[in-house]
file input08.pdb (PDB, C-alpha atoms)
ATOM      1  CA  MET A  22     -14.097 -27.614  -7.622
ATOM      2  CA  ARG A  23     -11.222 -28.487  -5.324
ATOM      3  CA  GLY A  24     -10.549 -31.526  -7.457
ATOM      4  CA  PHE A  25     -10.389 -29.297 -10.519
ATOM      5  CA  PHE A  26      -7.820 -26.991  -8.927
ATOM      6  CA  LEU A  27      -5.820 -29.972  -7.737
ATOM      7  CA  ALA A  28      -5.802 -31.447 -11.240
ATOM      8  CA  ALA A  29      -4.844 -28.058 -12.716
ATOM      9  CA  ALA A  30      -2.036 -27.680 -10.181
ATOM     10  CA  LEU A  31      -0.747 -31.144 -11.009
ATOM     11  CA  LEU A  32      -0.846 -30.346 -14.734
ATOM     12  CA  ILE A  33       1.268 -27.216 -14.449
ATOM     13  CA  ALA A  34       3.675 -28.630 -11.840
ATOM     14  CA  THR A  35       7.120 -29.443 -13.230
ATOM     15  CA  PRO A  36       9.104 -32.291 -11.726
ATOM     16  CA  ALA A  37      12.148 -31.255  -9.699
ATOM     17  CA  LEU A  38      15.149 -32.060 -11.848
ATOM     18  CA  ALA A  39      17.784 -34.139 -10.141
ATOM     19  CA  ASP A  40      20.163 -34.106 -13.097
ATOM     20  CA  SER A  41      22.632 -31.564 -14.378
ATOM     21  CA  LEU A  42      22.429 -29.648 -17.627
ATOM     22  CA  MET A  43      25.601 -31.202 -18.988
ATOM     23  CA  PRO A  44      25.600 -33.939 -21.619
ATOM     24  CA  ALA A  45      25.946 -37.581 -20.553
ATOM     25  CA  ALA A  46      29.444 -38.942 -19.973
ATOM     26  CA  GLU A  47      31.281 -40.252 -23.002
ATOM     27  CA  TYR A  48      30.747 -43.973 -22.443
ATOM     28  CA  ALA A  49      27.507 -43.735 -20.460
ATOM     29  CA  ASN A  50      25.399 -44.925 -23.378
ATOM     30  CA  ARG A  51      28.038 -45.894 -25.921
ATOM     31  CA  GLN A  52      29.629 -49.301 -26.219
ATOM     32  CA  LEU A  53      33.337 -49.947 -26.262
ATOM     33  CA  PRO A  54      34.771 -50.605 -29.732
ATOM     34  CA  ASP A  55      36.202 -53.967 -28.629
ATOM     35  CA  PRO A  56      33.213 -56.345 -28.308
ATOM     36  CA  ARG A  57      35.039 -58.615 -25.875
ATOM     37  CA  LYS A  58      35.772 -55.738 -23.505
ATOM     38  CA  GLU A  59      32.243 -54.401 -23.900
ATOM     39  CA  GLU A  60      30.924 -57.820 -22.913
ATOM     40  CA  GLN A  61      33.093 -57.795 -19.770
ATOM     41  CA  ALA A  62      32.014 -54.250 -18.900
ATOM     42  CA  LYS A  63      28.333 -55.084 -19.477
ATOM     43  CA  ALA A  64      28.520 -58.171 -17.260
ATOM     44  CA  LEU A  65      30.142 -56.113 -14.509
ATOM     45  CA  MET A  66      27.624 -53.263 -14.808
ATOM     46  CA  GLU A  67      24.772 -55.711 -14.324
ATOM     47  CA  THR A  68      26.126 -56.535 -10.868
ATOM     48  CA  ILE A  69      26.908 -52.993  -9.702
ATOM     49  CA  ARG A  70      24.258 -51.247  -7.693
ATOM     50  CA  CYS A  71      23.090 -47.769  -8.610
ATOM     51  CA  LEU A  72      23.818 -45.330  -5.776
ATOM     52  CA  VAL A  73      20.923 -42.936  -6.319
ATOM     53  CA  CYS A  74      18.260 -45.334  -7.661
ATOM     54  CA  GLN A  75      18.856 -47.990  -5.053
ATOM     55  CA  GLY A  76      17.660 -51.435  -6.000
ATOM     56  CA  GLN A  77      18.585 -51.066  -9.671
ATOM     57  CA  ALA A  78      21.764 -52.137 -11.361
ATOM     58  CA  ILE A  79      23.619 -49.312 -13.087
ATOM     59  CA  SER A  80      23.123 -51.110 -16.420
ATOM     60  CA  ASP A  81      19.340 -50.663 -16.028
ATOM     61  CA  SER A  82      19.298 -47.138 -14.677
ATOM     62  CA  ASP A  83      18.653 -43.867 -16.439
ATOM     63  CA  ALA A  84      20.049 -41.857 -13.523
ATOM     64  CA  GLU A  85      22.844 -39.532 -14.528
ATOM     65  CA  MET A  86      25.123 -40.900 -11.832
ATOM     66  CA  ALA A  87      24.598 -44.442 -13.115
ATOM     67  CA  GLY A  88      25.630 -43.198 -16.570
ATOM     68  CA  ASP A  89      28.773 -41.658 -15.099
ATOM     69  CA  MET A  90      29.557 -44.937 -13.352
ATOM     70  CA  ARG A  91      29.050 -46.897 -16.592
ATOM     71  CA  SER A  92      31.402 -44.526 -18.341
ATOM     72  CA  VAL A  93      34.108 -44.891 -15.693
ATOM     73  CA  ILE A  94      33.740 -48.692 -15.699
ATOM     74  CA  ARG A  95      33.992 -48.862 -19.503
ATOM     75  CA  GLU A  96      37.048 -46.591 -19.501
ATOM     76  CA  ARG A  97      38.781 -48.655 -16.824
ATOM     77  CA  ILE A  98      38.077 -51.906 -18.696
ATOM     78  CA  GLN A  99      39.226 -50.240 -21.904
ATOM     79  CA  GLY A 100      42.412 -49.236 -20.080
ATOM     80  CA  GLY A 101      43.193 -52.884 -19.348
ATOM     81  CA  GLU A 102      41.753 -53.447 -15.877
ATOM     82  CA  THR A 103      39.927 -56.696 -15.219
ATOM     83  CA  PRO A 104      36.258 -56.543 -14.140
ATOM     84  CA  GLU A 105      37.239 -57.845 -10.695
ATOM     85  CA  GLN A 106      39.797 -55.049 -10.286
ATOM     86  CA  VAL A 107      37.132 -52.486 -11.125
ATOM     87  CA  ARG A 108      34.721 -54.143  -8.697
ATOM     88  CA  ALA A 109      37.389 -54.084  -5.980
ATOM     89  CA  TRP A 110      37.940 -50.377  -6.639
ATOM     90  CA  LEU A 111      34.226 -49.662  -6.265
ATOM     91  CA  ILE A 112      34.038 -51.762  -3.088
ATOM     92  CA  SER A 113      36.993 -49.819  -1.663
ATOM     93  CA  ARG A 114      34.929 -46.632  -2.158
ATOM     94  CA  TYR A 115      31.387 -47.711  -1.265
ATOM     95  CA  GLY A 116      31.754 -50.983   0.612
ATOM     96  CA  ASN A 117      30.133 -54.302  -0.316
ATOM     97  CA  TRP A 118      26.870 -52.443  -0.616
ATOM     98  CA  VAL A 119      27.745 -51.460  -4.169
ATOM     99  CA  THR A 120      27.979 -54.977  -5.570
ATOM    100  CA  TYR A 121      25.190 -57.490  -6.141
ATOM    101  CA  ASP A 122      27.826 -60.208  -6.026
ATOM    102  CA  PRO A 123      29.175 -59.841  -2.481
ATOM    103  CA  PRO A 124      32.475 -61.541  -1.665
ATOM    104  CA  LEU A 125      32.582 -64.504   0.736
ATOM    105  CA  GLU A 126      33.260 -63.034   4.170
ATOM    106  CA  PRO A 127      32.409 -63.894   7.780
ATOM    107  CA  VAL A 128      29.272 -61.741   7.525
ATOM    108  CA  THR A 129      28.126 -63.183   4.210
ATOM    109  CA  TRP A 130      28.915 -66.901   4.581
ATOM    110  CA  PRO A 131      25.355 -67.786   5.745
ATOM    111  CA  LEU A 132      24.168 -66.718   2.288
ATOM    112  CA  TRP A 133      26.143 -69.576   0.784
ATOM    113  CA  ALA A 134      25.845 -72.017   3.670
ATOM    114  CA  ALA A 135      22.078 -71.701   4.230
ATOM    115  CA  PRO A 136      20.991 -73.526   1.021
ATOM    116  CA  ILE A 137      23.433 -76.370   1.680
ATOM    117  CA  LEU A 138      22.290 -76.694   5.297
ATOM    118  CA  LEU A 139      18.638 -76.664   4.214
ATOM    119  CA  ILE A 140      19.247 -79.391   1.609
ATOM    120  CA  LEU A 141      21.040 -81.499   4.222
ATOM    121  CA  ALA A 142      18.161 -81.023   6.679
ATOM    122  CA  GLY A 143      15.690 -81.936   3.944
ATOM    123  CA  ALA A 144      17.631 -85.062   3.024
ATOM    124  CA  PHE A 145      17.728 -86.071   6.676
ATOM    125  CA  LEU A 146      13.952 -85.619   7.040
ATOM    126  CA  ALA A 147      13.249 -87.482   3.801
ATOM    127  CA  ARG A 148      15.493 -90.353   4.819
ATOM    128  CA  ASN A 149      13.670 -90.810   8.113
ATOM    129  CA  ARG A 150      10.354 -90.653   6.357
ATOM    130  CA  PHE A 151      11.198 -93.276   3.729
ATOM    131  CA  ARG A 152      12.602 -95.562   6.377
ATOM    132  CA  ARG A 153       9.324 -95.397   8.277
ATOM    133  CA  ARG A 154       7.361 -96.274   5.121
ATOM    134  CA  LYS A 155       9.359 -99.490   4.663
ATOM    135  CA  ASN A 156       8.311-100.734   8.068
TER     136      ASN A 156
ATOM    137  CA  MET B  14       8.871 -85.894  21.127
ATOM    138  CA  LYS B  15       7.249 -86.888  17.814
ATOM    139  CA  ARG B  16       4.446 -84.404  18.423
ATOM    140  CA  LEU B  17       6.953 -81.649  19.062
ATOM    141  CA  ILE B  18       8.863 -82.337  15.854
ATOM    142  CA  LEU B  19       5.644 -81.889  13.900
ATOM    143  CA  TRP B  20       5.666 -78.244  14.964
ATOM    144  CA  VAL B  21       9.197 -77.575  13.774
ATOM    145  CA  PRO B  22       8.285 -76.678  10.152
ATOM    146  CA  LEU B  23       5.654 -74.229  11.384
ATOM    147  CA  ALA B  24       8.158 -72.689  13.800
ATOM    148  CA  VAL B  25      10.714 -72.313  10.988
ATOM    149  CA  PHE B  26       8.038 -70.751   8.796
ATOM    150  CA  VAL B  27       7.035 -68.279  11.531
ATOM    151  CA  VAL B  28      10.664 -67.253  12.019
ATOM    152  CA  PHE B  29      10.983 -66.789   8.250
ATOM    153  CA  VAL B  30       7.833 -64.640   8.093
ATOM    154  CA  GLY B  31       9.184 -62.667  11.037
ATOM    155  CA  PHE B  32      12.395 -61.855   9.140
ATOM    156  CA  VAL B  33      10.427 -60.877   6.035
ATOM    157  CA  ALA B  34       8.104 -58.642   8.070
ATOM    158  CA  ILE B  35      11.032 -56.904   9.769
ATOM    159  CA  GLY B  36      12.670 -56.367   6.397
ATOM    160  CA  LEU B  37       9.454 -54.986   4.925
ATOM    161  CA  TYR B  38       8.516 -52.628   7.719
ATOM    162  CA  ALA B  39      11.904 -51.393   8.901
ATOM    163  CA  PRO B  40      12.745 -48.094   7.212
ATOM    164  CA  ALA B  41      15.220 -48.804   4.432
ATOM    165  CA  GLU B  42      18.783 -47.548   4.831
ATOM    166  CA  ARG B  43      18.997 -44.867   2.169
ATOM    167  CA  THR B  44      22.436 -43.452   2.795
ATOM    168  CA  VAL B  45      25.592 -45.059   1.462
ATOM    169  CA  PRO B  46      28.567 -43.970   3.570
ATOM    170  CA  SER B  47      31.987 -43.662   1.994
ATOM    171  CA  ALA B  48      34.309 -46.563   2.734
ATOM    172  CA  LEU B  49      37.221 -44.108   2.837
ATOM    173  CA  ILE B  50      36.543 -42.589   6.266
ATOM    174  CA  GLY B  51      39.775 -42.891   8.236
ATOM    175  CA  GLN B  52      41.855 -43.100   5.078
ATOM    176  CA  THR B  53      43.883 -40.588   3.119
ATOM    177  CA  VAL B  54      42.124 -38.674   0.371
ATOM    178  CA  PRO B  55      42.769 -40.408  -2.964
ATOM    179  CA  ASP B  56      44.803 -38.515  -5.560
ATOM    180  CA  PHE B  57      42.870 -36.096  -7.689
ATOM    181  CA  ASP B  58      43.386 -32.742  -9.357
ATOM    182  CA  LEU B  59      40.396 -30.665 -10.406
ATOM    183  CA  ALA B  60      40.571 -27.627 -12.668
ATOM    184  CA  PRO B  61      39.023 -24.377 -11.407
ATOM    185  CA  ALA B  62      35.247 -24.440 -11.813
ATOM    186  CA  ILE B  63      34.993 -20.676 -11.986
ATOM    187  CA  ALA B  64      37.318 -17.970 -13.266
ATOM    188  CA  GLY B  65      39.524 -16.291 -10.671
ATOM    189  CA  ARG B  66      39.210 -19.063  -8.071
ATOM    190  CA  PRO B  67      41.696 -21.924  -7.716
ATOM    191  CA  GLY B  68      40.604 -25.480  -8.364
ATOM    192  CA  LEU B  69      41.049 -28.271  -5.846
ATOM    193  CA  SER B  70      43.565 -31.093  -5.681
ATOM    194  CA  SER B  71      44.347 -33.789  -3.141
ATOM    195  CA  VAL B  72      47.798 -32.203  -2.722
ATOM    196  CA  SER B  73      46.290 -28.912  -1.547
ATOM    197  CA  LEU B  74      44.240 -30.828   1.057
ATOM    198  CA  ARG B  75      47.314 -32.348   2.699
ATOM    199  CA  GLY B  76      49.187 -30.331   5.295
ATOM    200  CA  ASN B  77      46.811 -27.417   5.124
ATOM    201  CA  GLY B  78      45.056 -27.817   8.433
ATOM    202  CA  PRO B  79      41.667 -29.458   8.812
ATOM    203  CA  ARG B  80      39.309 -28.488   6.023
ATOM    204  CA  VAL B  81      35.757 -29.078   5.008
ATOM    205  CA  VAL B  82      35.094 -30.219   1.450
ATOM    206  CA  ASN B  83      31.574 -29.648   0.228
ATOM    207  CA  ILE B  84      30.347 -31.546  -2.824
ATOM    208  CA  PHE B  85      27.562 -29.556  -4.419
ATOM    209  CA  ALA B  86      25.978 -28.440  -7.680
ATOM    210  CA  SER B  87      23.868 -25.541  -8.851
ATOM    211  CA  TRP B  88      21.241 -27.985 -10.178
ATOM    212  CA  CYS B  89      20.929 -29.651  -6.768
ATOM    213  CA  ILE B  90      17.923 -28.323  -4.863
ATOM    214  CA  PRO B  91      19.016 -29.412  -1.339
ATOM    215  CA  CYS B  92      22.306 -27.552  -1.944
ATOM    216  CA  ARG B  93      20.314 -24.327  -1.947
ATOM    217  CA  ALA B  94      18.824 -25.264   1.415
ATOM    218  CA  GLU B  95      22.221 -25.896   2.985
ATOM    219  CA  ALA B  96      23.848 -22.688   1.677
ATOM    220  CA  PRO B  97      23.073 -20.627   4.841
ATOM    221  CA  GLN B  98      24.643 -23.359   6.988
ATOM    222  CA  LEU B  99      27.825 -23.273   4.891
ATOM    223  CA  GLU B 100      27.908 -19.511   5.392
ATOM    224  CA  GLU B 101      27.572 -20.113   9.121
ATOM    225  CA  LEU B 102      30.477 -22.605   9.063
ATOM    226  CA  ALA B 103      32.628 -20.086   7.181
ATOM    227  CA  ARG B 104      31.667 -17.406   9.696
ATOM    228  CA  ARG B 105      32.909 -19.678  12.482
ATOM    229  CA  GLY B 106      36.263 -19.893  10.743
ATOM    230  CA  VAL B 107      35.902 -23.272   9.032
ATOM    231  CA  PRO B 108      37.710 -23.237   5.657
ATOM    232  CA  ILE B 109      35.428 -24.683   2.979
ATOM    233  CA  ASP B 110      36.580 -26.092  -0.348
ATOM    234  CA  GLY B 111      34.003 -26.868  -2.981
ATOM    235  CA  ILE B 112      33.670 -29.598  -5.571
ATOM    236  CA  ALA B 113      31.098 -28.598  -8.175
ATOM    237  CA  VAL B 114      29.613 -31.688  -9.785
ATOM    238  CA  ARG B 115      28.730 -31.467 -13.488
ATOM    239  CA  ASP B 116      28.251 -27.747 -13.370
ATOM    240  CA  ARG B 117      28.493 -25.190 -16.154
ATOM    241  CA  PRO B 118      30.442 -22.051 -15.146
ATOM    242  CA  GLN B 119      27.533 -19.707 -15.894
ATOM    243  CA  ASP B 120      25.108 -21.795 -13.780
ATOM    244  CA  LEU B 121      27.649 -22.007 -10.980
ATOM    245  CA  ALA B 122      28.237 -18.232 -11.010
ATOM    246  CA  ALA B 123      24.483 -17.601 -10.829
ATOM    247  CA  PHE B 124      24.151 -20.102  -7.969
ATOM    248  CA  LEU B 125      26.959 -18.470  -5.957
ATOM    249  CA  ALA B 126      25.522 -15.005  -6.583
ATOM    250  CA  THR B 127      22.080 -16.087  -5.379
ATOM    251  CA  TYR B 128      22.824 -18.424  -2.493
ATOM    252  CA  GLY B 129      26.148 -17.169  -1.175
ATOM    253  CA  ASP B 130      29.757 -18.086  -1.751
ATOM    254  CA  PRO B 131      31.677 -19.442   1.267
ATOM    255  CA  PHE B 132      34.176 -21.415  -0.861
ATOM    256  CA  ARG B 133      37.927 -20.833  -0.834
ATOM    257  CA  THR B 134      38.459 -23.039  -3.852
ATOM    258  CA  ILE B 135      36.057 -24.744  -6.249
ATOM    259  CA  GLY B 136      37.093 -27.699  -8.371
ATOM    260  CA  ALA B 137      35.111 -28.712 -11.449
ATOM    261  CA  ASP B 138      34.174 -32.397 -11.320
ATOM    262  CA  ASN B 139      32.583 -32.486 -14.742
ATOM    263  CA  ASP B 140      32.502 -36.261 -15.185
ATOM    264  CA  ARG B 141      31.869 -37.108 -11.505
ATOM    265  CA  ARG B 142      35.131 -38.977 -11.404
ATOM    266  CA  VAL B 143      36.348 -37.393  -8.165
ATOM    267  CA  GLN B 144      32.977 -37.854  -6.512
ATOM    268  CA  LEU B 145      33.210 -41.584  -7.247
ATOM    269  CA  GLU B 146      36.854 -41.605  -6.143
ATOM    270  CA  LEU B 147      35.804 -40.163  -2.763
ATOM    271  CA  GLY B 148      33.021 -42.692  -2.290
ATOM    272  CA  SER B 149      30.384 -39.990  -2.342
ATOM    273  CA  ALA B 150      26.956 -41.189  -3.421
ATOM    274  CA  GLY B 151      25.233 -37.914  -4.225
ATOM    275  CA  VAL B 152      24.972 -34.166  -3.761
ATOM    276  CA  PRO B 153      25.230 -32.498  -1.372
ATOM    277  CA  GLU B 154      27.798 -34.254   0.763
ATOM    278  CA  THR B 155      30.387 -32.808   3.091
ATOM    279  CA  PHE B 156      33.722 -34.268   4.180
ATOM    280  CA  VAL B 157      35.931 -33.166   7.058
ATOM    281  CA  ILE B 158      39.600 -33.722   6.172
ATOM    282  CA  ASP B 159      42.374 -33.396   8.730
ATOM    283  CA  ALA B 160      45.803 -31.793   8.333
ATOM    284  CA  ASN B 161      47.326 -35.024   7.008
ATOM    285  CA  GLY B 162      44.678 -35.364   4.330
ATOM    286  CA  VAL B 163      42.802 -38.127   6.166
ATOM    287  CA  ILE B 164      39.002 -38.156   5.813
ATOM    288  CA  ARG B 165      37.610 -37.873   9.346
ATOM    289  CA  HIS B 166      33.911 -37.277   8.901
ATOM    290  CA  GLN B 167      31.254 -37.449   6.225
ATOM    291  CA  HIS B 168      27.917 -35.694   6.279
ATOM    292  CA  ILE B 169      25.436 -37.087   3.763
ATOM    293  CA  GLY B 170      22.715 -34.816   2.454
ATOM    294  CA  ALA B 171      22.015 -31.159   3.118
ATOM    295  CA  ILE B 172      23.487 -29.620   6.279
ATOM    296  CA  ASN B 173      20.554 -28.515   8.383
ATOM    297  CA  PRO B 174      20.953 -25.867  11.124
ATOM    298  CA  GLN B 175      21.025 -28.592  13.783
ATOM    299  CA  ASP B 176      23.915 -30.343  11.963
ATOM    300  CA  VAL B 177      26.291 -27.368  12.182
ATOM    301  CA  PRO B 178      27.653 -28.080  15.715
ATOM    302  CA  ALA B 179      28.545 -31.694  14.784
ATOM    303  CA  ILE B 180      30.481 -30.546  11.722
ATOM    304  CA  VAL B 181      32.295 -27.806  13.652
ATOM    305  CA  ALA B 182      33.124 -30.393  16.341
ATOM    306  CA  ALA B 183      34.456 -32.840  13.733
ATOM    307  CA  TRP B 184      36.536 -30.056  12.211
ATOM    308  CA  GLU B 185      37.959 -29.065  15.607
ATOM    309  CA  ALA B 186      38.657 -32.712  16.473
ATOM    310  CA  ALA B 187      40.600 -33.058  13.202
ATOM    311  CA  ARG B 188      43.113 -30.384  14.221
TER     312      ARG B 188
END
call {"tool": "encode", "arguments": {"input": "input08.pdb", "output": "structure tokens"}}
result
Amino acid sequence: MRGFFLAAALLIATPALADSLMPAAEYANRQLPDPRKEEQAKALMETIRCLVCQGQAISDSDAEMAGDMRSVIRERIQGGETPEQVRAWLISRYGNWVTYDPPLEPVTWPLWAAPILLILAGAFLARNRFRRRKN
Amino acid sequence: MKRLILWVPLAVFVVFVGFVAIGLYAPAERTVPSALIGQTVPDFDLAPAIAGRPGLSSVSLRGNGPRVVNIFASWCIPCRAEAPQLEELARRGVPIDGIAVRDRPQDLAAFLATYGDPFRTIGADNDRRVQLELGSAGVPETFVIDANGVIRHQHIGAINPQDVPAIVAAWEAAR
């Protein structure tokens, strides 16, 4: 019986809406007329992190805020800004958090250095091993 | 020595698993602070969101004493929860400017009638452009802006009763 009421309650429950009642931004779901600029905007959007649906890129997100960000990015690219200028603008507002392609900085250099160091360590180990085999 | 070296890969692996476990079990950082704290408010100019109330521009924030800017929306449920705390701030003499995100005038009017209206001005940010310009990652958020138009403090999420003293203190410190 309790299960029945629970199921009934779940059926009539409406999800809390986290979006406004206004239509999506102009370029949220519409491509730019210039295919080259659209390609640049798309590539940038794939590396910009959604602020409300964290862990998704804004190109993959249905969140209204992600749509607004896509629209602003498309308009800025349309207006002649380069993708890196738009990325720099977003970083100046939200920090490196907002980009999936973080710039090389003192805090981030291990990300790039670690694979190289690991390959060097591996090569060193392998070399010693092969040398031992020869004996 | 040789024997010890044999353990190195296992040790590296254990350290690696340790990092992964910490990353998995530590509570994720959900808030994204604005990178503009300590900097001047970027230029913006928002039309009035509601008839008979001025809109909000970056110019009006400069040289007008410390102010609190609340980013909210009628469709935002936590904004309803923080409304009494905004009233309390206004009662303590804190001037509050509003930025209504993607809000229709009729919805906004109904929201203010129901949950209270502590706002001196309300700007209509219909395409979220100003929210992005301020580095705000959602609604509600609250900024404390000093007399020179420099952002001094950001409160992310609804203002709960226990948050009021910190915001009043930030506002007084911005004088």
call {"tool": "closest_residue", "arguments": {"input": "input08.pdb", "among": "B:Gly151, B:Pro67, B:Pro91, B:Pro22", "to": "chain A", "atoms": "all atoms listed in the file"}}
result
B:Gly151
call {"tool": "interface_residues", "arguments": {"input": "input08.pdb", "of": "chain A", "to": "chain B", "cutoff": "10 Å", "atoms": "all atoms listed in the file", "output": "ChimeraX atom specification"}}
result
/A:37-47,71-75,85-86,88-90,92-93,110-119
call {"tool": "closest_residue", "arguments": {"input": "input08.pdb", "among": "B:Arg75, B:His168, B:Arg93, B:Arg105", "to": "Asp56 (chain B)", "atoms": "only C-alpha atoms"}}
result
B:Arg75
call {"tool": "residues_around", "arguments": {"input": "input08.pdb", "residues": "Glu101 (chain B)", "least_positions_apart": "6", "cutoff": "12 Å", "atoms": "all atoms listed in the file", "output": "mmCIF file with C-alpha atoms, in the frame of the given file"}}
result
data_model
loop_
_atom_site.group_PDB
_atom_site.id
_atom_site.type_symbol
_atom_site.label_atom_id
_atom_site.label_comp_id
_atom_site.auth_asym_id
_atom_site.auth_seq_id
_atom_site.Cartn_x
_atom_site.Cartn_y
_atom_site.Cartn_z
ATOM 1 C CA GLU B 95 22.221 -25.896 2.985
ATOM 2 C CA VAL B 107 35.902 -23.272 9.032
ATOM 3 C CA PRO B 108 37.710 -23.237 5.657
ATOM 4 C CA ILE B 109 35.428 -24.683 2.979
ATOM 5 C CA GLY B 129 26.148 -17.169 -1.175
ATOM 6 C CA ASP B 130 29.757 -18.086 -1.751
ATOM 7 C CA PRO B 131 31.677 -19.442 1.267
ATOM 8 C CA ILE B 172 23.487 -29.620 6.279
ATOM 9 C CA ASN B 173 20.554 -28.515 8.383
ATOM 10 C CA PRO B 174 20.953 -25.867 11.124
ATOM 11 C CA GLN B 175 21.025 -28.592 13.783
ATOM 12 C CA ASP B 176 23.915 -30.343 11.963
ATOM 13 C CA VAL B 177 26.291 -27.368 12.182
ATOM 14 C CA PRO B 178 27.653 -28.080 15.715
ATOM 15 C CA ILE B 180 30.481 -30.546 11.722
ATOM 16 C CA VAL B 181 32.295 -27.806 13.652
#
call {"tool": "atom_distance", "arguments": {"input": "input08.pdb", "atom1": "CA of Thr134 (chain B)", "atom2": "CA of Gln167 (chain B)"}}
result
19.0 Å
call {"tool": "residues_around", "arguments": {"input": "input08.pdb", "residues": "Trp184 (chain B)", "least_positions_apart": "2", "cutoff": "10 Å", "atoms": "all atoms listed in the file", "output": "PyMOL selection string"}}
result
chain B and resi 78-81+107-108+156-159+165-166+178-182+186-188
call {"tool": "atom_distance", "arguments": {"input": "input08.pdb", "atom1": "CA of Ile164 (chain B)", "atom2": "CA of Leu125 (chain B)"}}
result
25.9 Å
call {"tool": "resolve_selection", "arguments": {"input": "input08.pdb", "expression": "the PyMOL selection byres ((chain A and resi 123) around 12)", "output": "PDB file with C-alpha atoms, in the frame of the given file"}}
result
ATOM      1  CA  THR A  68      26.126 -56.535 -10.868  1.00  0.00           C
ATOM      2  CA  ILE A  69      26.908 -52.993  -9.702  1.00  0.00           C
ATOM      3  CA  ARG A  70      24.258 -51.247  -7.693  1.00  0.00           C
ATOM      4  CA  GLU A 105      37.239 -57.845 -10.695  1.00  0.00           C
ATOM      5  CA  ARG A 108      34.721 -54.143  -8.697  1.00  0.00           C
ATOM      6  CA  ALA A 109      37.389 -54.084  -5.980  1.00  0.00           C
ATOM      7  CA  LEU A 111      34.226 -49.662  -6.265  1.00  0.00           C
ATOM      8  CA  ILE A 112      34.038 -51.762  -3.088  1.00  0.00           C
ATOM      9  CA  GLY A 116      31.754 -50.983   0.612  1.00  0.00           C
ATOM     10  CA  ASN A 117      30.133 -54.302  -0.316  1.00  0.00           C
ATOM     11  CA  TRP A 118      26.870 -52.443  -0.616  1.00  0.00           C
ATOM     12  CA  VAL A 119      27.745 -51.460  -4.169  1.00  0.00           C
ATOM     13  CA  THR A 120      27.979 -54.977  -5.570  1.00  0.00           C
ATOM     14  CA  TYR A 121      25.190 -57.490  -6.141  1.00  0.00           C
ATOM     15  CA  ASP A 122      27.826 -60.208  -6.026  1.00  0.00           C
ATOM     16  CA  PRO A 124      32.475 -61.541  -1.665  1.00  0.00           C
ATOM     17  CA  LEU A 125      32.582 -64.504   0.736  1.00  0.00           C
ATOM     18  CA  GLU A 126      33.260 -63.034   4.170  1.00  0.00           C
ATOM     19  CA  PRO A 127      32.409 -63.894   7.780  1.00  0.00           C
ATOM     20  CA  VAL A 128      29.272 -61.741   7.525  1.00  0.00           C
ATOM     21  CA  THR A 129      28.126 -63.183   4.210  1.00  0.00           C
ATOM     22  CA  TRP A 130      28.915 -66.901   4.581  1.00  0.00           C
ATOM     23  CA  LEU A 132      24.168 -66.718   2.288  1.00  0.00           C
ATOM     24  CA  TRP A 133      26.143 -69.576   0.784  1.00  0.00           C
TER      25      TRP A 133
END
call {"tool": "atom_distance", "arguments": {"input": "input08.pdb", "atom1": "CA of Asn83 (chain B)", "atom2": "CA of Pro153 (chain B)"}}
result
7.1 Å
call {"tool": "closest_residue", "arguments": {"input": "input08.pdb", "among": "B:Ile63, B:Leu23, B:Val30, B:Leu74", "to": "Pro118 (chain B)", "atoms": "all atoms listed in the file"}}
result
B:Ile63
call {"tool": "residues_around", "arguments": {"input": "input08.pdb", "residues": "Pro104 (chain A)", "least_positions_apart": "2", "cutoff": "7 Å", "atoms": "all atoms listed in the file", "output": "list in words"}}
result
Gln61, Ala62, Leu65, Ile98, Glu102, Gln106, Val107 and Arg108 of chain A
call {"tool": "axis_aligned_box", "arguments": {"input": "input08.pdb", "around": "region 98-103 of chain A", "padding_each_side": "4 Å", "output": "lines of an AutoDock Vina configuration file"}}
result
center_x = 40.6
center_y = -53.0
center_z = -18.6
size_x = 13.1
size_y = 15.5
size_z = 14.7
call {"tool": "resolve_selection", "arguments": {"input": "input08.pdb", "expression": "the PyMOL selection byres ((chain B and resi 64) around 12)", "output": "mmCIF file with C-alpha atoms, keeping the file's coordinate frame"}}
result
data_model
loop_
_atom_site.group_PDB
_atom_site.id
_atom_site.type_symbol
_atom_site.label_atom_id
_atom_site.label_comp_id
_atom_site.auth_asym_id
_atom_site.auth_seq_id
_atom_site.Cartn_x
_atom_site.Cartn_y
_atom_site.Cartn_z
ATOM 1 C CA ALA B 60 40.571 -27.627 -12.668
ATOM 2 C CA PRO B 61 39.023 -24.377 -11.407
ATOM 3 C CA ALA B 62 35.247 -24.440 -11.813
ATOM 4 C CA ILE B 63 34.993 -20.676 -11.986
ATOM 5 C CA GLY B 65 39.524 -16.291 -10.671
ATOM 6 C CA ARG B 66 39.210 -19.063 -8.071
ATOM 7 C CA PRO B 67 41.696 -21.924 -7.716
ATOM 8 C CA GLY B 68 40.604 -25.480 -8.364
ATOM 9 C CA ARG B 117 28.493 -25.190 -16.154
ATOM 10 C CA PRO B 118 30.442 -22.051 -15.146
ATOM 11 C CA GLN B 119 27.533 -19.707 -15.894
ATOM 12 C CA LEU B 121 27.649 -22.007 -10.980
ATOM 13 C CA ALA B 122 28.237 -18.232 -11.010
ATOM 14 C CA THR B 134 38.459 -23.039 -3.852
ATOM 15 C CA ILE B 135 36.057 -24.744 -6.249
ATOM 16 C CA GLY B 136 37.093 -27.699 -8.371
ATOM 17 C CA ALA B 137 35.111 -28.712 -11.449
#
call {"tool": "residues_around", "arguments": {"input": "input08.pdb", "residues": "Glu60 (chain A)", "least_positions_apart": "4", "cutoff": "12 Å", "atoms": "only C-alpha atoms", "output": "list in words"}}
result
Gln52, Leu53, Pro54, Asp55, Pro56, Ala64, Leu65, Met66, Glu67, Ile94, Arg95, Ile98, Gln99, Thr103 and Pro104 of chain A
